[in-house]
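Q: Input structure: work_15.cif, which contains mmCIF, C-alpha atoms.
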```cif
data_protein
#
loop_
_atom_site.label_atom_id
_atom_site.label_comp_id
_atom_site.auth_asym_id
_atom_site.auth_seq_id
_atom_site.Cartn_x
_atom_site.Cartn_y
_atom_site.Cartn_z
CA MET N 66 31.53 57.67 -42.10
CA TYR N 67 34.46 57.08 -44.45
CA THR N 68 38.03 57.89 -43.48
CA VAL N 69 40.64 58.10 -46.22
CA ILE N 70 44.00 56.77 -45.08
CA ARG N 71 45.95 57.28 -48.28
CA GLY N 72 45.42 57.07 -52.00
CA GLY N 73 46.53 58.05 -55.46
CA TYR N 74 45.30 58.23 -59.02
CA ASN N 75 46.73 57.55 -62.44
CA ALA N 76 49.53 55.55 -60.85
CA LYS N 77 51.81 53.82 -63.37
CA HIS N 78 54.31 51.01 -62.84
CA PRO N 79 56.60 49.05 -65.21
CA LYS N 80 55.58 45.63 -66.52
CA SER N 81 57.84 44.02 -63.87
CA PHE N 82 55.61 45.51 -61.12
CA VAL N 83 54.45 43.16 -58.34
CA LEU N 84 52.71 44.12 -55.08
CA SER N 85 52.25 41.50 -52.36
CA ARG N 86 50.36 41.81 -49.07
CA PRO N 87 50.58 38.32 -47.54
CA GLN N 88 48.75 39.46 -44.40
CA GLY N 89 46.50 41.95 -46.13
CA VAL N 90 46.11 45.41 -44.60
CA LYS N 91 44.05 46.66 -41.68
CA ASN N 92 41.74 48.78 -43.82
CA TYR N 93 39.62 48.42 -46.95
CA VAL N 94 41.28 48.92 -50.31
CA ILE N 95 39.46 49.99 -53.46
CA LEU N 96 41.22 49.83 -56.81
CA HIS N 97 40.29 51.13 -60.25
CA VAL N 98 42.47 48.98 -62.51
CA THR N 99 43.00 50.52 -65.93
CA SER N 100 45.41 47.98 -67.45
CA PRO N 101 45.34 44.17 -67.68
CA ALA N 102 46.67 42.54 -64.50
CA HIS N 103 46.95 39.29 -62.57
CA PHE N 104 45.41 39.25 -59.09
CA GLN N 105 45.26 36.80 -56.22
CA ILE N 106 42.84 37.63 -53.41
CA GLY N 107 42.83 35.05 -50.64
CA GLU N 108 42.96 31.71 -52.46
CA ARG N 109 41.34 32.96 -55.65
CA LYS N 110 43.24 34.01 -58.76
CA PHE N 111 41.92 36.37 -61.41
CA ASP N 112 43.05 37.61 -64.79
CA VAL N 113 41.74 41.14 -64.54
CA LEU N 114 40.75 43.12 -67.61
CA SER N 115 41.51 46.81 -67.96
CA ASN N 116 38.73 49.03 -66.61
CA SER N 117 37.78 46.94 -63.59
CA MET N 118 37.05 47.76 -59.96
CA ILE N 119 38.26 45.66 -57.04
CA LEU N 120 37.24 46.11 -53.40
CA ILE N 121 39.38 44.21 -50.86
CA ARG N 122 38.39 43.56 -47.25
CA PRO N 123 40.70 44.22 -44.28
CA ASN N 124 43.18 41.48 -43.39
CA ILE N 125 42.64 39.53 -46.62
CA PRO N 126 45.94 38.45 -48.23
CA TYR N 127 46.33 39.73 -51.76
CA GLN N 128 48.86 40.36 -54.46
CA TYR N 129 48.79 41.66 -58.00
CA CYS N 130 51.13 42.27 -60.88
CA ALA N 131 51.18 43.67 -64.39
CA ALA N 132 50.15 41.51 -67.33
CA ASP N 133 52.60 42.03 -70.21
CA HIS N 134 52.52 45.86 -70.18
CA GLU N 135 52.82 48.59 -67.56
CA TYR N 136 50.37 48.47 -64.66
CA LYS N 137 48.03 51.43 -64.11
CA ASN N 138 45.43 52.09 -61.45
CA ASP N 139 43.72 54.50 -59.08
CA TRP N 140 43.68 53.40 -55.45
CA ILE N 141 42.40 54.36 -52.02
CA HIS N 142 42.88 52.80 -48.59
CA PHE N 143 39.98 53.71 -46.33
CA ALA N 144 38.29 52.87 -43.04
CA CYS N 145 34.60 52.87 -42.19
CA ASP N 146 32.04 51.16 -39.95
CA GLN N 147 32.66 47.56 -40.96
CA ASP N 148 29.27 46.12 -39.96
CA SER N 149 27.36 48.76 -41.89
CA PHE N 150 29.67 48.49 -44.88
CA GLU N 151 29.44 44.71 -45.06
CA SER N 152 25.66 44.76 -44.85
CA ASN N 153 25.51 46.98 -47.93
CA TYR N 154 28.53 46.04 -50.00
CA ALA N 155 29.71 42.54 -49.04
CA HIS N 156 28.64 41.19 -52.44
CA LEU N 157 31.09 43.54 -54.16
CA CYS N 158 34.17 42.45 -52.24
CA CYS N 159 37.24 40.46 -53.27
CA ARG N 160 36.52 40.00 -56.97
CA PRO N 161 37.01 42.11 -60.11
CA ILE N 162 33.95 43.95 -61.45
CA PRO N 163 34.19 45.10 -65.09
CA ILE N 164 32.95 48.66 -65.57
CA HIS N 165 31.64 50.30 -68.70
CA ASN N 166 32.40 53.94 -67.91
CA SER N 167 35.93 54.02 -66.61
CA LEU N 168 36.19 57.81 -66.89
CA HIS N 169 33.47 58.35 -64.28
CA PHE N 170 35.22 56.12 -61.75
CA ALA N 171 38.56 57.80 -62.40
CA GLN N 172 36.86 61.10 -61.59
CA TYR N 173 35.45 59.73 -58.31
CA PHE N 174 38.95 58.77 -57.19
CA GLN N 175 40.32 62.19 -58.14
CA HIS N 176 37.51 64.01 -56.35
CA ILE N 177 37.87 61.92 -53.19
CA ILE N 178 41.62 62.43 -53.01
CA TRP N 179 41.23 66.14 -53.74
CA GLU N 180 38.65 66.55 -50.97
CA PHE N 181 40.80 64.54 -48.58
CA ASN N 182 43.74 66.88 -49.15
CA TYR N 183 42.15 70.27 -49.72
CA ALA N 184 38.53 70.50 -48.54
CA PRO N 185 37.78 72.87 -45.63
CA SER N 186 37.75 70.96 -42.35
CA ASP N 187 34.07 71.69 -41.68
CA LEU N 188 33.02 70.28 -45.07
CA LYS N 189 35.56 67.53 -45.68
CA GLN N 190 33.79 64.65 -43.96
CA SER N 191 30.38 65.23 -45.51
CA ASN N 192 31.97 65.63 -48.94
CA LEU N 193 33.94 62.40 -48.58
CA ASP N 194 30.92 60.47 -47.33
CA MET N 195 28.80 61.60 -50.27
CA LEU N 196 31.48 60.84 -52.84
CA PHE N 197 32.09 57.35 -51.44
CA GLN N 198 28.36 56.69 -51.37
CA ILE N 199 27.94 57.71 -55.00
CA MET N 200 30.96 55.71 -56.15
CA LEU N 201 29.87 52.55 -54.34
CA ASN N 202 26.28 52.86 -55.53
CA LYS N 203 27.53 53.26 -59.10
CA LEU N 204 29.60 50.14 -58.60
CA ILE N 205 26.46 48.25 -57.53
CA GLN N 206 24.80 49.46 -60.71
CA GLU N 207 27.73 48.32 -62.85
CA ASP N 208 27.70 44.92 -61.15
CA ARG N 209 23.98 44.48 -61.79
CA GLU N 210 24.38 45.37 -65.44
CA GLU N 211 27.25 42.94 -65.79
CA ALA N 212 24.99 40.19 -64.44
CA CYS N 213 22.15 41.12 -66.79
CA ALA N 214 22.78 39.93 -70.33
CA LYS N 215 20.42 42.49 -71.82
CA SER N 216 22.02 45.46 -70.10
CA TYR N 217 25.56 44.34 -70.77
CA SER N 218 26.48 45.75 -74.12
CA PRO N 219 29.66 47.27 -75.51
CA TYR N 220 27.45 50.20 -76.53
CA ALA N 221 25.80 50.79 -73.13
CA ALA N 222 28.01 53.61 -71.84
CA LYS N 223 28.18 55.35 -75.21
CA LEU N 224 24.41 55.21 -75.63
CA ARG N 225 23.97 56.89 -72.25
CA ASP N 226 26.48 59.59 -73.18
CA LEU N 227 24.73 60.22 -76.50
CA ARG N 228 21.34 60.46 -74.80
CA LEU N 229 22.69 63.01 -72.29
CA THR N 230 24.08 65.02 -75.20
CA MET N 231 20.64 64.95 -76.80
CA GLN N 232 19.04 66.18 -73.57
CA PHE N 233 21.48 69.04 -73.08
CA GLN N 234 21.53 70.09 -76.75
CA SER N 235 17.96 69.41 -77.79
CA ASN N 236 18.08 72.32 -80.24
CA LYS N 237 20.45 70.38 -82.50
CA ASN N 238 19.22 68.34 -85.42
CA PHE N 239 20.28 64.88 -84.24
CA THR N 240 19.77 62.03 -86.69
CA PRO N 241 20.20 58.25 -86.43
CA GLU N 242 22.77 58.50 -89.22
CA GLU N 243 24.93 60.98 -87.29
CA LEU N 244 24.74 59.19 -83.93
CA SER N 245 25.13 55.67 -85.32
CA SER N 246 28.35 56.73 -87.03
CA GLN N 247 29.81 57.50 -83.60
CA LEU N 248 29.22 53.87 -82.62
CA ASN N 249 30.35 52.50 -85.98
CA ILE N 250 27.04 50.72 -86.50
CA SER N 251 24.22 51.09 -89.01
CA PRO N 252 21.37 53.60 -88.42
CA SER N 253 18.80 50.78 -88.28
CA TYR N 254 20.81 48.84 -85.68
CA PHE N 255 21.33 52.05 -83.69
CA GLN N 256 17.57 52.63 -83.55
CA HIS N 257 17.01 49.02 -82.51
CA LEU N 258 19.59 49.30 -79.72
CA TYR N 259 18.22 52.65 -78.58
CA LYS N 260 14.66 51.35 -78.15
CA ASP N 261 15.84 48.13 -76.56
CA PHE N 262 18.02 50.00 -74.07
CA PHE N 263 15.78 52.96 -73.16
CA GLY N 264 12.33 51.49 -73.84
CA ILE N 265 11.40 54.26 -76.27
CA SER N 266 12.18 54.94 -79.92
CA PHE N 267 14.94 57.40 -80.78
CA LYS N 268 12.51 59.69 -82.64
CA LYS N 269 9.90 59.78 -79.90
CA ASP N 270 12.50 60.28 -77.17
CA LEU N 271 14.05 63.22 -79.04
CA ILE N 272 10.63 64.82 -79.53
CA ASN N 273 9.87 64.43 -75.81
CA MET N 274 13.21 66.04 -74.92
CA ARG N 275 12.58 68.99 -77.23
CA LEU N 276 9.08 69.57 -75.94
CA GLU N 277 10.17 69.27 -72.31
CA HIS N 278 12.84 71.89 -73.01
CA ALA N 279 10.21 74.09 -74.66
CA ARG N 280 7.93 73.78 -71.63
CA GLU N 281 10.76 74.91 -69.35
CA LEU N 282 11.45 77.95 -71.55
CA ILE N 283 7.78 78.87 -71.79
CA ALA N 284 7.31 78.61 -68.04
CA ASN N 285 10.50 80.37 -66.95
CA THR N 286 11.37 82.94 -69.63
CA SER N 287 9.73 85.74 -71.57
CA LEU N 288 11.12 84.52 -74.90
CA THR N 289 8.79 84.58 -77.89
CA PHE N 290 7.34 81.30 -79.09
CA GLU N 291 9.34 81.63 -82.29
CA GLN N 292 12.55 81.92 -80.28
CA ILE N 293 11.53 78.98 -78.10
CA ALA N 294 10.76 76.84 -81.15
CA LEU N 295 14.23 77.50 -82.58
CA MET N 296 15.94 76.88 -79.24
CA SER N 297 14.09 73.58 -78.95
CA GLY N 298 15.19 72.30 -82.35
CA TYR N 299 12.22 73.37 -84.52
CA SER N 300 12.90 75.33 -87.67
CA ASN N 301 9.20 75.21 -88.55
CA GLN N 302 7.04 77.06 -86.01
CA ILE N 303 3.80 75.45 -87.22
CA HIS N 304 5.30 71.99 -86.71
CA PHE N 305 6.35 73.06 -83.22
CA TYR N 306 2.82 74.26 -82.38
CA ARG N 307 1.30 70.99 -83.59
CA GLN N 308 3.67 68.76 -81.65
CA PHE N 309 3.43 70.89 -78.52
CA LYS N 310 -0.37 70.71 -78.50
CA ALA N 311 -0.34 66.97 -79.17
CA HIS N 312 2.07 66.54 -76.26
CA THR N 313 0.45 68.86 -73.69
CA GLY N 314 -3.12 69.32 -74.91
CA MET N 315 -2.52 73.07 -75.07
CA THR N 316 -0.97 75.57 -77.45
CA PRO N 317 2.22 77.26 -76.24
CA LYS N 318 0.23 80.41 -75.46
CA GLU N 319 -2.38 78.49 -73.46
CA TYR N 320 0.37 76.67 -71.57
CA ARG N 321 2.10 79.94 -70.62
CA LEU N 322 -1.17 81.43 -69.43
CA SER N 323 -1.97 78.32 -67.37
CA ILE N 324 1.43 78.60 -65.64
CA ARG N 325 1.00 82.31 -64.87
CA ILE N 326 -2.42 82.03 -63.29
CA LYS N 327 -1.32 79.38 -60.79
CA PRO N 328 -1.13 80.74 -57.21
#
```
Could you take the file, read its structure, and then write that structure out as structure tokens?

A:
Amino acid sequence: MYTVIRGGYNAKHPKSFVLSRPQGVKNYVILHVTSPAHFQIGERKFDVLSNSMILIRPNIPYQYCAADHEYKNDWIHFACDQDSFESNYAHLCCRPIPIHNSLHFAQYFQHIIWEFNYAPSDLKQSNLDMLFQIMLNKLIQEDREEACAKSYSPYAAKLRDLRLTMQFQSNKNFTPEELSSQLNISPSYFQHLYKDFFGISFKKDLINMRLEHARELIANTSLTFEQIALMSGYSNQIHFYRQFKAHTGMTPKEYRLSIRIKP
């Protein structure tokens, strides 16, 4: 169970900002640092990059200050069962962890603080527990990727975002040329990165997404197959039929009939 003591988000301080806790504090502190900063946690000193997470244990001395420009962060002081927390998250504590998708973590802080202040009393605790669990699990994921040379890539977060866009808008005519331009890389390098990162070629992955979307529409709507083909990104209905049968072993009509006769 997580108990929020206090917190804030999008906090900004001038470049002269310094915070010092020579005795630490009695609770855990989690920080989403969005500007360069200098930290000392216990005896260790860190030059922290923007877009980093820092989790500080209770009663650990720490201090931090801005590095050249204004200091910005999101922050939460919280309490929890220390034994359980340490068994799961000790490896994350008292060091900066670079993160690739800062926006997601900023949203976790905002959601947690919002729930802490405004959630109905009968739902507040379960909401807070789930949000903390998700945020900390995502931090584990970020830490693993930072330690893995293959997964660490300046394009990692953007590739994930592009792939989600493809999944949610599979009717669009996505091309390597269009998507690679968003990363400022060549189409051939984009396709290489895509396969290396997701384990499947861009073209094959897009086809799978379109056909999976088509299967959902066939199973759950009364739309015509022509409509479904268009909504799944196929301007040529014959091409749609061929790819659908190659993917499922059935024509769209046979697939719909097989769904309807199931008990």

Q: Run through the PyMOL selection byres ((chain N and resi 139) around 12) on the given coordinates and return the selected residues as a PyMOL selection string.

A: chain N and resi 71-78+94-100+115-119+136-138+140-142+167-168+170-178

Q: As an mmCIF file with C-alpha atoms, keeping the file's coordinate frame, please: the residues near region 238-243 of chain N (cut-off 7 Å, all atoms listed in the file, same-chain neighbours under 3 positions excluded).

A:
```
data_model
loop_
_atom_site.group_PDB
_atom_site.id
_atom_site.type_symbol
_atom_site.label_atom_id
_atom_site.label_comp_id
_atom_site.auth_asym_id
_atom_site.auth_seq_id
_atom_site.Cartn_x
_atom_site.Cartn_y
_atom_site.Cartn_z
ATOM 1 C CA SER N 246 28.350 56.730 -87.030
ATOM 2 C CA PRO N 252 21.370 53.600 -88.420
ATOM 3 C CA PHE N 255 21.330 52.050 -83.690
ATOM 4 C CA GLN N 256 17.570 52.630 -83.550
ATOM 5 C CA GLY N 298 15.190 72.300 -82.350
#
```

Q: Leaving out region 200-212 of chain N and any residue of its chain fewer than 4 positions from it, which residues lie within 8 Å of it when counting only C-alpha atoms, given as number ranges by chain?

A: N: 118, 154, 157, 162-165, 170, 173, 196, 216-217

Q: Written as a count of residues only, which residues does the PyMOL selection byres ((chain N and resi 147) around 12) give for the file shown?

A: 20

Q: So, with all atoms listed in the file as the atoms that count, which of N:Ile265, N:Leu120, N:Val69, N:Leu276 lies closest to Arg228 (chain N)?

A: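 Looking at the shortest contact to Arg228 (chain N), the residue is N:Ile265.
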
Q: For a test of reading the model, state the distance in Å between CA of Glu135 (chain N) and CA of Ser81 (chain N), rounded to one decimal.

A: 7.7 Å

Q: What is the CA of Val90 (chain N) to CA of Tyr129 (chain N) distance in Å?

A: 14.2 Å

Q: Between CA of Leu224 (chain N) and CA of Phe262 (chain N), what is the distance in Å, rounded to a tenth?

A: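 According to the coordinates, CA of Leu224 (chain N) and CA of Phe262 (chain N) are separated by 8.4 Å.
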
Q: Can you pull out every residue within 12 Å of Leu322 (chain N), counting only C-alpha atoms, but drop anything in the same chain fewer than 3 positions away, and send it as a list in words?

A: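 Non-adjacent residues within range: Ile283, Ala284, Asn285, Ser287, Met315, Thr316, Pro317, Lys318, Glu319, Arg325, Ile326 and Lys327 of chain N.
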
Q: For this structure, which residues satisfy the selection - the PyMOL selection byres ((chain N and resi 278) around 12) - when it is evaluated on the file as given? I want them as a list in words.

A: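 Applying the PyMOL selection byres ((chain N and resi 278) around 12) to the structure shown produces Met231, Gln232, Phe233, Gln234, Ser235, Asn236, Leu271, Ile272, Asn273, Met274, Arg275, Leu276, Glu277, Ala279, Arg280, Glu281, Leu282, Ile283, Ala284, Asn285, Thr286, Ile293, Ala294, Leu295, Met296, Ser297, Gly298, Tyr299 and Phe309 of chain N.
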